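Asks: Right, I'll just put the structure down here and ask away after.
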Amino acid sequence: MTAELVRGQNHPLHHTRLQIRVSAGRPVVALATYADDRLTVRDEWIAHPASPTLPGLDISSPAAQAPQFTVDLDALPAPAQQVNVLLALPEDCRPGAFGAGAAPFVAVTGQDGVDIASFTITGLGAETALVAVELYRRQSAWKVRAVGQGYAGGLAELLDDQGVLRAPEKAAGIAAALRESAAPAPRAEPAQVRTRGDSPYDHPAPPGPGRQSPPAARQEPAAPSGAATSGAPGGETDAGQPAPADAERPAAGGGRIDYAHPRRSAAPPPPPAASPAPPGQPAAPVAGDATGWSMEERLYNQIWGMFEDLARTTAAYRSAVEFAESRMDQELDRVLDDPRSRIGGAGDAAREAARAKCRRLADEARRVLDRDLAQLAAESEVVEPALPPAFARWDNPCWHGYRVPMEVPMALRIGDLHLPESPALRIPFLVRLPLERGLWVDSGRTGSEAALMLDEAQLRRQALDCAVGHAARLLAVYPPGEFSVHVIDPAGAGAAALAPLSGSGLLGAPPAPGAQGVREVLGRLTRRVDLVTMAVRGGAADSLPPDVDAAEQLLIVHDFPHGFDDRAVNQLRYLADEGPTVGVHLLMVADREEASGYGPVLDPLWRSLLRITPAPDDHLADPWVRHAWTYEPLTVPPGSDVVRQVLGQVAAAHRAWGR
């Protein structure tokens, strides 16, 4: 499972031989440095285009659009405790800053070719050099950290910050070596003509990055586009891949034949341009104004950017208010410490002046926050109507024109998020598909005001309604026959809430009642996980028994732990841990207090699931500033029959396809 890192986040590395891929959308200079335990970089510990190899590290295509780093952590010099992956823009690069192009993307891959972690470096501006990621050793274990630290002063400033002696001279030498390596090479001889069967179209496209800048002055630049052209022997194509030495051959008339596809694009197409704004005013928001290869990807990146923007602008406001109050407290302390202020009105005047200054600073911070919130609200108003069904609420008109898809979407909306400073501004809560972890709808008393207003029976029914809604959305966004749902309802208490699923005919079997039903369903799904895991590891995925359903599986568990014995609990934990990697997912509807009798045995189960609530609750935190976000579940509009209609269309598609 790939970890999608954000700035400052780290992730353990269980492999010592790694590949680090970079996609920047344009040529970049790739460098690497080693640092010791005092973060000192020695002069001989710098890999650059003129010297792309260090002990344990090699850079392929160090001045390309998609350079790669090969790292063997066991072969590093003993004093080296950290590997810094650096990127810089060439001197002749246009536009001349990272913030004016597509956000760089970094992926760390193990020896087996499986991605370990990835990092999209967003929020850049005038920077021309940056530290992308670092690999560091901590207590004999290696980790990767997403850094994303940029330098407007270029490579010289970056190297100087890392403690390199004579950093400007070193940066100038690297730039000179880069210019020499970029000098045109002699043309290929006729003997090097491309042979039949070679393909010039095998360049991978870089992934679409996310948002670029904060809301107050966000301008999504158009990503560079154009057909990839074959270069001279030893050069590179526009896609950043080394061009074959015989990429061109003489034509009969003395010209040269270009084998590049005329519509092959080296970067995602530019986002739609906003209409010109009046001077001094922000541009009108446009749905899909982030970069990406499809409208769905653009909207996903745009929503993610809105989430980042709201988190950071709120953090700035809270920090400004905290600073104003701290400064007021300091000024009041100074007034009280001065005996002269205790006589006459001087003390009162000083205290009032300190409070007035605090209010002025807080009001200015609120004005900036309101400006950013207004822009985000305007963006939300144009984004919401443009969302596809997978990203939309149940009241979105797109469900009236719903058609069963033929492809799995990038993500699924499972609720909304908002902060206390802006309760009306709701950010869609999207989770990537296929699900990387199960879901837990907490039917217990969470302490939130909304949950306290409901009695126990209402809270349980609302929790199961929420789970049925999520299951319906998952069935609706998967192609026919690629997603199956199973239900465990030992006491049969959820029959009314489960009626939309049961009546549609989309369940593999009726909800399993009693302890016997629990054992049968868990045994069947556990067997599937075992067989698929062994088949994948043995490279025999096509040799599964015919009774094993290859579709993604969702298990809804209601009224846990009723009807579960110790063996069933262990099987449930196994499915939660191992199931997502082979397409078996859990959707638990449970109250943790009712399972408290198992003690700490179930703690790994609860931690492995994404907890959501049937009533608004502020239990989620973002990875940057740790705001407490209020989660609000998706609800069906009163009197609407949209869920049954959508499930009816899905069932009809299943029958038509014979699934």
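Chains: A, B, ... in order of the structure tokens. Residues: from 1 per chain. Ligands: from 1, in order shown.
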Skipping near chain neighbours, those fewer than 6 positions away, what residues fall within 12 Å of A:Gly481 using only C-alpha atoms, listed as a PDB file with N, CA and C atoms, in the first residue's frame?
Replies:
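Full text of selection35.pdb as output:
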ATOM      1  N   VAL A 404     -24.583   3.586 -14.983  1.00  0.00           N
ATOM      2  CA  VAL A 404     -23.612   2.664 -14.374  1.00  0.00           C
ATOM      3  C   VAL A 404     -22.266   2.833 -15.088  1.00  0.00           C
ATOM      4  N   PRO A 405     -21.191   3.085 -14.339  1.00  0.00           N
ATOM      5  CA  PRO A 405     -19.897   3.361 -14.985  1.00  0.00           C
ATOM      6  C   PRO A 405     -19.233   2.093 -15.499  1.00  0.00           C
ATOM      7  N   MET A 406     -18.282   2.285 -16.379  1.00  0.00           N
ATOM      8  CA  MET A 406     -17.481   1.181 -16.893  1.00  0.00           C
ATOM      9  C   MET A 406     -16.062   1.188 -16.324  1.00  0.00           C
ATOM     10  N   GLU A 407     -15.729   2.210 -15.524  1.00  0.00           N
ATOM     11  CA  GLU A 407     -14.414   2.294 -14.900  1.00  0.00           C
ATOM     12  C   GLU A 407     -14.581   2.688 -13.439  1.00  0.00           C
ATOM     13  N   VAL A 408     -13.642   2.257 -12.612  1.00  0.00           N
ATOM     14  CA  VAL A 408     -13.659   2.616 -11.197  1.00  0.00           C
ATOM     15  C   VAL A 408     -13.120   4.037 -11.056  1.00  0.00           C
ATOM     16  N   LEU A 475     -21.464   0.388  -4.609  1.00  0.00           N
ATOM     17  CA  LEU A 475     -22.059  -0.394  -5.697  1.00  0.00           C
ATOM     18  C   LEU A 475     -22.298   0.476  -6.928  1.00  0.00           C
ATOM     19  N   LEU A 506     -28.929  -7.143  -4.947  1.00  0.00           N
ATOM     20  CA  LEU A 506     -27.494  -6.988  -5.146  1.00  0.00           C
ATOM     21  C   LEU A 506     -26.666  -7.699  -4.087  1.00  0.00           C
ATOM     22  N   LEU A 507     -27.299  -8.193  -3.033  1.00  0.00           N
ATOM     23  CA  LEU A 507     -26.553  -8.951  -2.031  1.00  0.00           C
ATOM     24  C   LEU A 507     -26.267 -10.353  -2.546  1.00  0.00           C
ATOM     25  N   GLY A 508     -25.076 -10.850  -2.228  1.00  0.00           N
ATOM     26  CA  GLY A 508     -24.739 -12.202  -2.648  1.00  0.00           C
ATOM     27  C   GLY A 508     -25.625 -13.237  -1.997  1.00  0.00           C
ATOM     28  N   ASP A 549     -14.853 -15.665  -6.005  1.00  0.00           N
ATOM     29  CA  ASP A 549     -15.310 -14.452  -6.685  1.00  0.00           C
ATOM     30  C   ASP A 549     -14.151 -13.464  -6.763  1.00  0.00           C
ATOM     31  N   ALA A 550     -13.770 -13.087  -7.976  1.00  0.00           N
ATOM     32  CA  ALA A 550     -12.639 -12.174  -8.155  1.00  0.00           C
ATOM     33  C   ALA A 550     -13.012 -10.716  -7.940  1.00  0.00           C
ATOM     34  N   ALA A 551     -14.288 -10.402  -7.755  1.00  0.00           N
ATOM     35  CA  ALA A 551     -14.712  -9.021  -7.566  1.00  0.00           C
ATOM     36  C   ALA A 551     -14.307  -8.519  -6.183  1.00  0.00           C
ATOM     37  N   GLU A 552     -14.268  -7.190  -6.045  1.00  0.00           N
ATOM     38  CA  GLU A 552     -14.060  -6.591  -4.728  1.00  0.00           C
ATOM     39  C   GLU A 552     -15.226  -6.985  -3.820  1.00  0.00           C
ATOM     40  N   GLN A 553     -14.919  -7.243  -2.542  1.00  0.00           N
ATOM     41  CA  GLN A 553     -15.925  -7.705  -1.591  1.00  0.00           C
ATOM     42  C   GLN A 553     -16.056  -6.697  -0.454  1.00  0.00           C
ATOM     43  N   VAL A 650     -28.309  -0.204 -10.951  1.00  0.00           N
ATOM     44  CA  VAL A 650     -27.141  -1.085 -10.813  1.00  0.00           C
ATOM     45  C   VAL A 650     -27.565  -2.542 -10.968  1.00  0.00           C
ATOM     46  N   ALA A 651     -28.696  -2.929 -10.342  1.00  0.00           N
ATOM     47  CA  ALA A 651     -29.173  -4.307 -10.458  1.00  0.00           C
ATOM     48  C   ALA A 651     -29.530  -4.648 -11.897  1.00  0.00           C
ATOM     49  N   ALA A 652     -30.159  -3.705 -12.614  1.00  0.00           N
ATOM     50  CA  ALA A 652     -30.494  -3.951 -14.014  1.00  0.00           C
ATOM     51  C   ALA A 652     -29.236  -4.151 -14.851  1.00  0.00           C
ATOM     52  N   ALA A 653     -28.193  -3.359 -14.565  1.00  0.00           N
ATOM     53  CA  ALA A 653     -26.936  -3.527 -15.296  1.00  0.00           C
ATOM     54  C   ALA A 653     -26.299  -4.872 -14.996  1.00  0.00           C
ATOM     55  N   HIS A 654     -26.389  -5.328 -13.757  1.00  0.00           N
ATOM     56  CA  HIS A 654     -25.840  -6.639 -13.404  1.00  0.00           C
ATOM     57  C   HIS A 654     -26.561  -7.746 -14.171  1.00  0.00           C
ATOM     58  N   ARG A 655     -27.879  -7.628 -14.248  1.00  0.00           N
ATOM     59  CA  ARG A 655     -28.621  -8.657 -14.985  1.00  0.00           C
ATOM     60  C   ARG A 655     -28.296  -8.620 -16.470  1.00  0.00           C
ATOM     61  N   ALA A 656     -28.168  -7.409 -17.012  1.00  0.00           N
ATOM     62  CA  ALA A 656     -27.864  -7.290 -18.442  1.00  0.00           C
ATOM     63  C   ALA A 656     -26.499  -7.876 -18.788  1.00  0.00           C
ATOM     64  N   TRP A 657     -25.562  -7.744 -17.854  1.00  0.00           N
ATOM     65  CA  TRP A 657     -24.218  -8.256 -18.090  1.00  0.00           C
ATOM     66  C   TRP A 657     -24.063  -9.691 -17.602  1.00  0.00           C
ATOM     67  N   GLY A 658     -25.132 -10.260 -17.061  1.00  0.00           N
ATOM     68  CA  GLY A 658     -25.064 -11.628 -16.583  1.00  0.00           C
ATOM     69  C   GLY A 658     -24.161 -11.809 -15.397  1.00  0.00           C
ATOM     70  N   ARG A 659     -24.076 -10.788 -14.545  1.00  0.00           N
ATOM     71  CA  ARG A 659     -23.196 -10.857 -13.371  1.00  0.00           C
ATOM     72  C   ARG A 659     -23.989 -11.223 -12.123  1.00  0.00           C
TER      73      ARG A 659
END
Asks: Counting only C-alpha atoms, which residue out of A:Ala316, A:Val383, A:Val321, A:Ala471 sits closest to A:Ala362?
Replies: A:Val321
Asks: For A:Arg611, which residue among A:Arg393, A:Arg360, A:Arg7, A:Arg437 is the nearest when counting only C-alpha atoms?
Replies: A:Arg437
Asks: I want to know what sits within 10 Å of A:Gln82, based on only C-alpha atoms, with residues of the same chain fewer than 5 positions away left out; could you give that as a PyMOL selection string?
Replies: chain A and resi 33-41+73+76+134-138+142-144
Asks: Would you write out those residues with N, CA, C and O atoms, as a PDB file, in the first residue's frame?
Replies:
ATOM      1  N   THR A  33      22.870  14.502  -2.038  1.00  0.00           N
ATOM      2  CA  THR A  33      23.960  14.722  -1.094  1.00  0.00           C
ATOM      3  C   THR A  33      23.818  13.741   0.060  1.00  0.00           C
ATOM      4  O   THR A  33      22.722  13.292   0.390  1.00  0.00           O
ATOM      5  N   TYR A  34      24.954  13.408   0.666  1.00  0.00           N
ATOM      6  CA  TYR A  34      24.976  12.641   1.902  1.00  0.00           C
ATOM      7  C   TYR A  34      25.266  13.595   3.053  1.00  0.00           C
ATOM      8  O   TYR A  34      25.951  14.613   2.880  1.00  0.00           O
ATOM      9  N   ALA A  35      24.754  13.279   4.222  1.00  0.00           N
ATOM     10  CA  ALA A  35      25.050  14.046   5.426  1.00  0.00           C
ATOM     11  C   ALA A  35      25.339  13.075   6.563  1.00  0.00           C
ATOM     12  O   ALA A  35      24.778  11.981   6.617  1.00  0.00           O
ATOM     13  N   ASP A  36      26.226  13.509   7.472  1.00  0.00           N
ATOM     14  CA  ASP A  36      26.552  12.659   8.608  1.00  0.00           C
ATOM     15  C   ASP A  36      25.600  12.938   9.766  1.00  0.00           C
ATOM     16  O   ASP A  36      24.583  13.626   9.602  1.00  0.00           O
ATOM     17  N   ASP A  37      25.920  12.407  10.937  1.00  0.00           N
ATOM     18  CA  ASP A  37      25.009  12.564  12.070  1.00  0.00           C
ATOM     19  C   ASP A  37      24.915  14.000  12.556  1.00  0.00           C
ATOM     20  O   ASP A  37      24.013  14.341  13.324  1.00  0.00           O
ATOM     21  N   ARG A  38      25.839  14.882  12.121  1.00  0.00           N
ATOM     22  CA  ARG A  38      25.754  16.300  12.445  1.00  0.00           C
ATOM     23  C   ARG A  38      25.203  17.119  11.280  1.00  0.00           C
ATOM     24  O   ARG A  38      25.321  18.338  11.258  1.00  0.00           O
ATOM     25  N   LEU A  39      24.609  16.410  10.309  1.00  0.00           N
ATOM     26  CA  LEU A  39      24.019  17.026   9.111  1.00  0.00           C
ATOM     27  C   LEU A  39      25.052  17.810   8.311  1.00  0.00           C
ATOM     28  O   LEU A  39      24.725  18.806   7.654  1.00  0.00           O
ATOM     29  N   THR A  40      26.312  17.358   8.365  1.00  0.00           N
ATOM     30  CA  THR A  40      27.383  17.984   7.587  1.00  0.00           C
ATOM     31  C   THR A  40      27.520  17.271   6.250  1.00  0.00           C
ATOM     32  O   THR A  40      27.595  16.032   6.197  1.00  0.00           O
ATOM     33  N   VAL A  41      27.554  18.039   5.165  1.00  0.00           N
ATOM     34  CA  VAL A  41      27.719  17.505   3.811  1.00  0.00           C
ATOM     35  C   VAL A  41      29.159  17.727   3.373  1.00  0.00           C
ATOM     36  O   VAL A  41      29.622  18.871   3.296  1.00  0.00           O
ATOM     37  N   LEU A  73      21.080   1.351   0.395  1.00  0.00           N
ATOM     38  CA  LEU A  73      21.385   1.895   1.714  1.00  0.00           C
ATOM     39  C   LEU A  73      22.490   1.114   2.414  1.00  0.00           C
ATOM     40  O   LEU A  73      23.219   1.681   3.244  1.00  0.00           O
ATOM     41  N   LEU A  76      26.086   2.535   1.481  1.00  0.00           N
ATOM     42  CA  LEU A  76      26.455   3.906   1.791  1.00  0.00           C
ATOM     43  C   LEU A  76      27.695   3.935   2.678  1.00  0.00           C
ATOM     44  O   LEU A  76      27.945   2.999   3.448  1.00  0.00           O
ATOM     45  N   GLU A 134      14.117  13.188   1.884  1.00  0.00           N
ATOM     46  CA  GLU A 134      15.361  12.748   2.491  1.00  0.00           C
ATOM     47  C   GLU A 134      15.162  11.350   3.062  1.00  0.00           C
ATOM     48  O   GLU A 134      14.098  11.029   3.598  1.00  0.00           O
ATOM     49  N   LEU A 135      16.181  10.522   2.914  1.00  0.00           N
ATOM     50  CA  LEU A 135      16.231   9.210   3.542  1.00  0.00           C
ATOM     51  C   LEU A 135      17.174   9.335   4.733  1.00  0.00           C
ATOM     52  O   LEU A 135      18.311   9.785   4.574  1.00  0.00           O
ATOM     53  N   TYR A 136      16.720   8.965   5.896  1.00  0.00           N
ATOM     54  CA  TYR A 136      17.560   9.142   7.081  1.00  0.00           C
ATOM     55  C   TYR A 136      17.479   7.909   7.969  1.00  0.00           C
ATOM     56  O   TYR A 136      16.489   7.188   7.991  1.00  0.00           O
ATOM     57  N   ARG A 137      18.582   7.706   8.708  1.00  0.00           N
ATOM     58  CA  ARG A 137      18.690   6.559   9.609  1.00  0.00           C
ATOM     59  C   ARG A 137      18.378   7.013  11.029  1.00  0.00           C
ATOM     60  O   ARG A 137      18.912   8.015  11.515  1.00  0.00           O
ATOM     61  N   ARG A 138      17.472   6.294  11.676  1.00  0.00           N
ATOM     62  CA  ARG A 138      17.133   6.606  13.063  1.00  0.00           C
ATOM     63  C   ARG A 138      17.118   5.305  13.850  1.00  0.00           C
ATOM     64  O   ARG A 138      16.287   4.430  13.599  1.00  0.00           O
ATOM     65  N   TRP A 142      15.835   2.821   8.685  1.00  0.00           N
ATOM     66  CA  TRP A 142      15.781   3.884   7.687  1.00  0.00           C
ATOM     67  C   TRP A 142      14.336   4.325   7.477  1.00  0.00           C
ATOM     68  O   TRP A 142      13.410   3.519   7.500  1.00  0.00           O
ATOM     69  N   LYS A 143      14.175   5.628   7.256  1.00  0.00           N
ATOM     70  CA  LYS A 143      12.869   6.208   6.969  1.00  0.00           C
ATOM     71  C   LYS A 143      12.998   7.215   5.834  1.00  0.00           C
ATOM     72  O   LYS A 143      14.097   7.703   5.538  1.00  0.00           O
ATOM     73  N   VAL A 144      11.874   7.521   5.197  1.00  0.00           N
ATOM     74  CA  VAL A 144      11.827   8.565   4.181  1.00  0.00           C
ATOM     75  C   VAL A 144      10.952   9.689   4.720  1.00  0.00           C
ATOM     76  O   VAL A 144       9.901   9.442   5.312  1.00  0.00           O
TER      77      VAL A 144
END
Asks: Contacts of stretch 163-169 of chain A at 9 Å or less, counting only C-alpha atoms, minus same-chain residues fewer than 5 places along, as a PDB file with C-alpha atoms, in the first residue's frame?
Replies:
ATOM      1  CA  LEU A  39      24.019  17.026   9.111  1.00  0.00           C
ATOM      2  CA  THR A  40      27.383  17.984   7.587  1.00  0.00           C
ATOM      3  CA  VAL A  41      27.719  17.505   3.811  1.00  0.00           C
ATOM      4  CA  ARG A  42      31.265  16.770   2.662  1.00  0.00           C
ATOM      5  CA  ASP A  43      32.535  18.027  -0.660  1.00  0.00           C
ATOM      6  CA  LEU A 155      21.166  25.798  -6.068  1.00  0.00           C
ATOM      7  CA  ALA A 156      23.789  28.042  -4.464  1.00  0.00           C
ATOM      8  CA  GLU A 157      21.452  28.951  -1.606  1.00  0.00           C
ATOM      9  CA  LEU A 158      20.387  25.314  -1.190  1.00  0.00           C
ATOM     10  CA  ILE A 174      27.506  22.207 -11.664  1.00  0.00           C
TER      11      ILE A 174
END
Asks: Please identify all polymer residues within 8 Å of A:Ala515, counting only C-alpha atoms, omitting same-chain residues fewer than 2 positions from it, and present them as a PDB file with N, CA, C and O atoms, in the first residue's frame.
Replies:
ATOM      1  N   PRO A 490     -26.536 -10.603  13.014  1.00  0.00           N
ATOM      2  CA  PRO A 490     -26.840 -11.785  13.840  1.00  0.00           C
ATOM      3  C   PRO A 490     -28.218 -11.759  14.480  1.00  0.00           C
ATOM      4  O   PRO A 490     -28.904 -12.785  14.534  1.00  0.00           O
ATOM      5  N   PRO A 513     -27.916 -14.478   9.636  1.00  0.00           N
ATOM      6  CA  PRO A 513     -28.364 -14.357  11.029  1.00  0.00           C
ATOM      7  C   PRO A 513     -27.636 -15.343  11.932  1.00  0.00           C
ATOM      8  O   PRO A 513     -27.136 -16.388  11.501  1.00  0.00           O
ATOM      9  N   GLY A 517     -24.510 -18.141  10.965  1.00  0.00           N
ATOM     10  CA  GLY A 517     -24.336 -17.279   9.799  1.00  0.00           C
ATOM     11  C   GLY A 517     -23.046 -16.485   9.866  1.00  0.00           C
ATOM     12  O   GLY A 517     -22.370 -16.281   8.846  1.00  0.00           O
ATOM     13  N   VAL A 518     -22.682 -16.033  11.059  1.00  0.00           N
ATOM     14  CA  VAL A 518     -21.417 -15.308  11.229  1.00  0.00           C
ATOM     15  C   VAL A 518     -20.251 -16.202  10.835  1.00  0.00           C
ATOM     16  O   VAL A 518     -19.346 -15.794  10.091  1.00  0.00           O
ATOM     17  N   ARG A 519     -20.256 -17.454  11.312  1.00  0.00           N
ATOM     18  CA  ARG A 519     -19.152 -18.368  11.006  1.00  0.00           C
ATOM     19  C   ARG A 519     -19.067 -18.659   9.516  1.00  0.00           C
ATOM     20  O   ARG A 519     -17.969 -18.714   8.944  1.00  0.00           O
ATOM     21  N   GLY A 563     -23.146 -12.413  18.564  1.00  0.00           N
ATOM     22  CA  GLY A 563     -23.023 -13.562  17.676  1.00  0.00           C
ATOM     23  C   GLY A 563     -21.600 -13.934  17.329  1.00  0.00           C
ATOM     24  O   GLY A 563     -21.385 -14.873  16.545  1.00  0.00           O
ATOM     25  N   PHE A 564     -20.583 -13.251  17.901  1.00  0.00           N
ATOM     26  CA  PHE A 564     -19.183 -13.527  17.584  1.00  0.00           C
ATOM     27  C   PHE A 564     -18.535 -14.280  18.745  1.00  0.00           C
ATOM     28  O   PHE A 564     -18.619 -13.845  19.904  1.00  0.00           O
ATOM     29  N   ASP A 565     -17.889 -15.398  18.430  1.00  0.00           N
ATOM     30  CA  ASP A 565     -17.062 -16.066  19.423  1.00  0.00           C
ATOM     31  C   ASP A 565     -15.607 -15.668  19.194  1.00  0.00           C
ATOM     32  O   ASP A 565     -15.301 -14.841  18.331  1.00  0.00           O
TER      33      ASP A 565
END
Asks: State, in Å with one decimal place, the distance from atom CA of A:Leu178 to atom CA of A:Gln162.
Replies: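 For atom CA of A:Leu178 relative to atom CA of A:Gln162, the distance reads 21.1 Å.
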Asks: Taking only C-alpha atoms into account, name the residue in A:Val582, A:Leu412, A:Ala176, A:Ala290 that is nearest to A:Gly101.
Replies: A:Ala290
Asks: Extract, using only C-alpha atoms, all DNA, RNA and protein residues at most 10 Å from A:Leu376, discarding same-chain residues fewer than 5 positions from it, and format them as number ranges by chain.
Replies: A: 215-216, 285, 306-307, 309-310, 370-371, 381, 425-427
Asks: Identify, on the basis of only C-alpha atoms, every residue whose closest approach to stretch 115-126 of chain A does not exceed 8 Å; exclude the query and any residue fewer than 2 positions from it along the same chain; express the result as an MDAnalysis selection string.
Replies: chainID A and resid 1:7 11 13 97:100 103:110 113 128 132 146 148 150:152 209:214
Asks: Would you output that residue set with N, CA, C and O atoms, as a compact mmCIF listing (two decimals), in the first residue's frame?
Replies:
# COMPACT_ATOMS: atom_id res chain seq x y z
N MET A 1 0.85 -1.18 0.00
CA MET A 1 0.00 0.00 0.00
C MET A 1 0.89 1.24 0.00
O MET A 1 1.76 1.40 0.85
N THR A 2 0.70 2.11 -0.96
CA THR A 2 1.52 3.30 -1.09
C THR A 2 1.09 4.35 -0.09
O THR A 2 -0.09 4.66 0.05
N ALA A 3 2.05 4.93 0.63
CA ALA A 3 1.77 6.03 1.56
C ALA A 3 1.90 7.34 0.81
O ALA A 3 2.97 7.63 0.25
N GLU A 4 0.84 8.12 0.77
CA GLU A 4 0.86 9.44 0.13
C GLU A 4 1.25 10.47 1.18
O GLU A 4 0.44 10.84 2.04
N LEU A 5 2.50 10.91 1.14
CA LEU A 5 3.04 11.76 2.19
C LEU A 5 2.70 13.23 1.95
O LEU A 5 2.46 13.65 0.83
N VAL A 6 2.69 13.98 3.04
CA VAL A 6 2.60 15.44 2.98
C VAL A 6 3.84 16.00 3.66
O VAL A 6 4.61 15.27 4.28
N ARG A 7 4.05 17.29 3.53
CA ARG A 7 5.27 17.91 4.06
C ARG A 7 5.49 17.56 5.54
O ARG A 7 4.60 17.68 6.36
N HIS A 11 7.92 7.98 6.74
CA HIS A 11 7.39 6.63 6.53
C HIS A 11 8.56 5.65 6.61
O HIS A 11 9.63 5.90 6.05
N LEU A 13 11.09 2.55 5.95
CA LEU A 13 11.58 1.85 4.76
C LEU A 13 12.02 0.47 5.18
O LEU A 13 12.94 0.32 6.00
N ALA A 97 10.60 29.17 -12.46
CA ALA A 97 10.33 28.89 -11.06
C ALA A 97 9.45 27.65 -10.97
O ALA A 97 8.64 27.38 -11.86
N PHE A 98 9.62 26.88 -9.89
CA PHE A 98 8.82 25.68 -9.72
C PHE A 98 7.34 26.01 -9.57
O PHE A 98 6.48 25.24 -10.00
N GLY A 99 7.02 27.15 -8.97
CA GLY A 99 5.63 27.50 -8.77
C GLY A 99 4.90 27.86 -10.04
O GLY A 99 3.67 27.97 -10.04
N ALA A 100 5.61 28.06 -11.14
CA ALA A 100 4.97 28.44 -12.40
C ALA A 100 4.76 27.25 -13.32
O ALA A 100 4.46 27.43 -14.50
N ALA A 103 3.46 20.73 -10.40
CA ALA A 103 4.09 20.38 -9.13
C ALA A 103 4.92 19.10 -9.30
O ALA A 103 4.43 18.11 -9.82
N PRO A 104 6.17 19.09 -8.84
CA PRO A 104 6.98 17.87 -8.95
C PRO A 104 6.38 16.73 -8.13
O PRO A 104 5.80 16.94 -7.06
N PHE A 105 6.56 15.51 -8.64
CA PHE A 105 6.03 14.30 -8.00
C PHE A 105 7.19 13.35 -7.78
O PHE A 105 7.99 13.11 -8.68
N VAL A 106 7.29 12.82 -6.57
CA VAL A 106 8.38 11.91 -6.20
C VAL A 106 7.77 10.61 -5.69
O VAL A 106 6.84 10.63 -4.88
N ALA A 107 8.27 9.49 -6.18
CA ALA A 107 7.80 8.17 -5.75
C ALA A 107 9.00 7.33 -5.34
O ALA A 107 10.00 7.27 -6.07
N VAL A 108 8.91 6.69 -4.19
CA VAL A 108 9.96 5.80 -3.68
C VAL A 108 9.47 4.37 -3.85
O VAL A 108 8.40 4.00 -3.37
N THR A 109 10.26 3.56 -4.54
CA THR A 109 9.87 2.20 -4.91
C THR A 109 10.87 1.21 -4.33
O THR A 109 12.08 1.48 -4.32
N GLY A 110 10.38 0.06 -3.88
CA GLY A 110 11.25 -0.98 -3.38
C GLY A 110 11.87 -1.81 -4.48
O GLY A 110 11.59 -1.62 -5.68
N GLY A 113 9.62 -3.45 -7.04
CA GLY A 113 8.86 -2.61 -7.96
C GLY A 113 7.59 -2.04 -7.38
O GLY A 113 6.86 -1.33 -8.08
N THR A 128 13.61 28.01 -7.21
CA THR A 128 14.27 27.39 -8.37
C THR A 128 15.10 26.17 -7.99
O THR A 128 15.69 25.54 -8.86
N ALA A 132 13.64 17.67 -2.13
CA ALA A 132 12.38 16.95 -2.36
C ALA A 132 12.08 16.02 -1.19
O ALA A 132 11.08 16.19 -0.48
N ALA A 146 9.10 13.44 3.69
CA ALA A 146 8.73 14.41 2.66
C ALA A 146 9.16 15.79 3.15
O ALA A 146 8.69 16.26 4.18
N GLY A 148 10.16 18.96 0.74
CA GLY A 148 9.54 20.00 -0.07
C GLY A 148 10.01 21.40 0.27
O GLY A 148 9.27 22.38 0.08
N GLY A 150 11.87 24.68 -0.51
CA GLY A 150 12.34 25.37 -1.71
C GLY A 150 13.26 26.53 -1.39
O GLY A 150 13.27 27.06 -0.28
N TYR A 151 14.03 26.95 -2.41
CA TYR A 151 14.99 28.05 -2.26
C TYR A 151 14.87 28.95 -3.49
O TYR A 151 15.14 28.52 -4.63
N ALA A 152 14.48 30.21 -3.25
CA ALA A 152 14.39 31.16 -4.35
C ALA A 152 15.76 31.55 -4.86
O ALA A 152 15.91 31.99 -6.00
N PRO A 209 -0.17 16.41 -10.86
CA PRO A 209 0.03 16.90 -9.51
C PRO A 209 -1.17 17.67 -9.02
O PRO A 209 -2.14 17.90 -9.73
N GLY A 210 -1.08 18.11 -7.82
CA GLY A 210 -2.21 18.81 -7.19
C GLY A 210 -2.08 20.30 -7.23
O GLY A 210 -1.53 20.89 -8.14
N ARG A 211 -2.54 20.94 -6.18
CA ARG A 211 -2.69 22.37 -6.13
C ARG A 211 -1.35 23.05 -5.97
O ARG A 211 -0.40 22.52 -5.45
N GLN A 212 -1.28 24.33 -6.38
CA GLN A 212 -0.01 25.02 -6.41
C GLN A 212 0.13 26.12 -5.37
O GLN A 212 1.21 26.40 -4.92
N SER A 213 -0.90 26.85 -4.99
CA SER A 213 -0.72 28.05 -4.20
C SER A 213 -1.91 28.29 -3.29
O SER A 213 -2.98 27.74 -3.48
N PRO A 214 -1.76 29.16 -2.24
CA PRO A 214 -2.84 29.40 -1.28
C PRO A 214 -3.98 30.18 -1.88
O PRO A 214 -3.86 30.76 -2.95
Asks: If you measure from atom CA of A:Leu430 to atom CA of A:Leu417, what distance in Å do you get, rounded to one decimal?
Replies: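 Separation between atom CA of A:Leu430 and atom CA of A:Leu417: 10.0 Å.
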Asks: Within stretch 361-448 of chain A, find each residue whose DSSP state, derived from the backbone, is alpha helix (DSSP H), and express the selection as a list in words.
Replies: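 So the alpha helix (DSSP H) residues in stretch 361-448 of chain A would be Leu361, Ala362, Asp363, Glu364, Ala365, Arg366, Arg367, Val368, Leu369, Asp370, Arg371, Asp372, Leu373, Ala374, Gln375, Leu376, Ala377, Ala378, Glu379, Ser380, Glu381, Val382 and Val383 of chain A.
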Asks: Looking at only C-alpha atoms, which of A:Ala78, A:Ala64, A:Leu452, A:Leu387 is the one that sits closest to A:Cys93?
Replies: A:Ala64
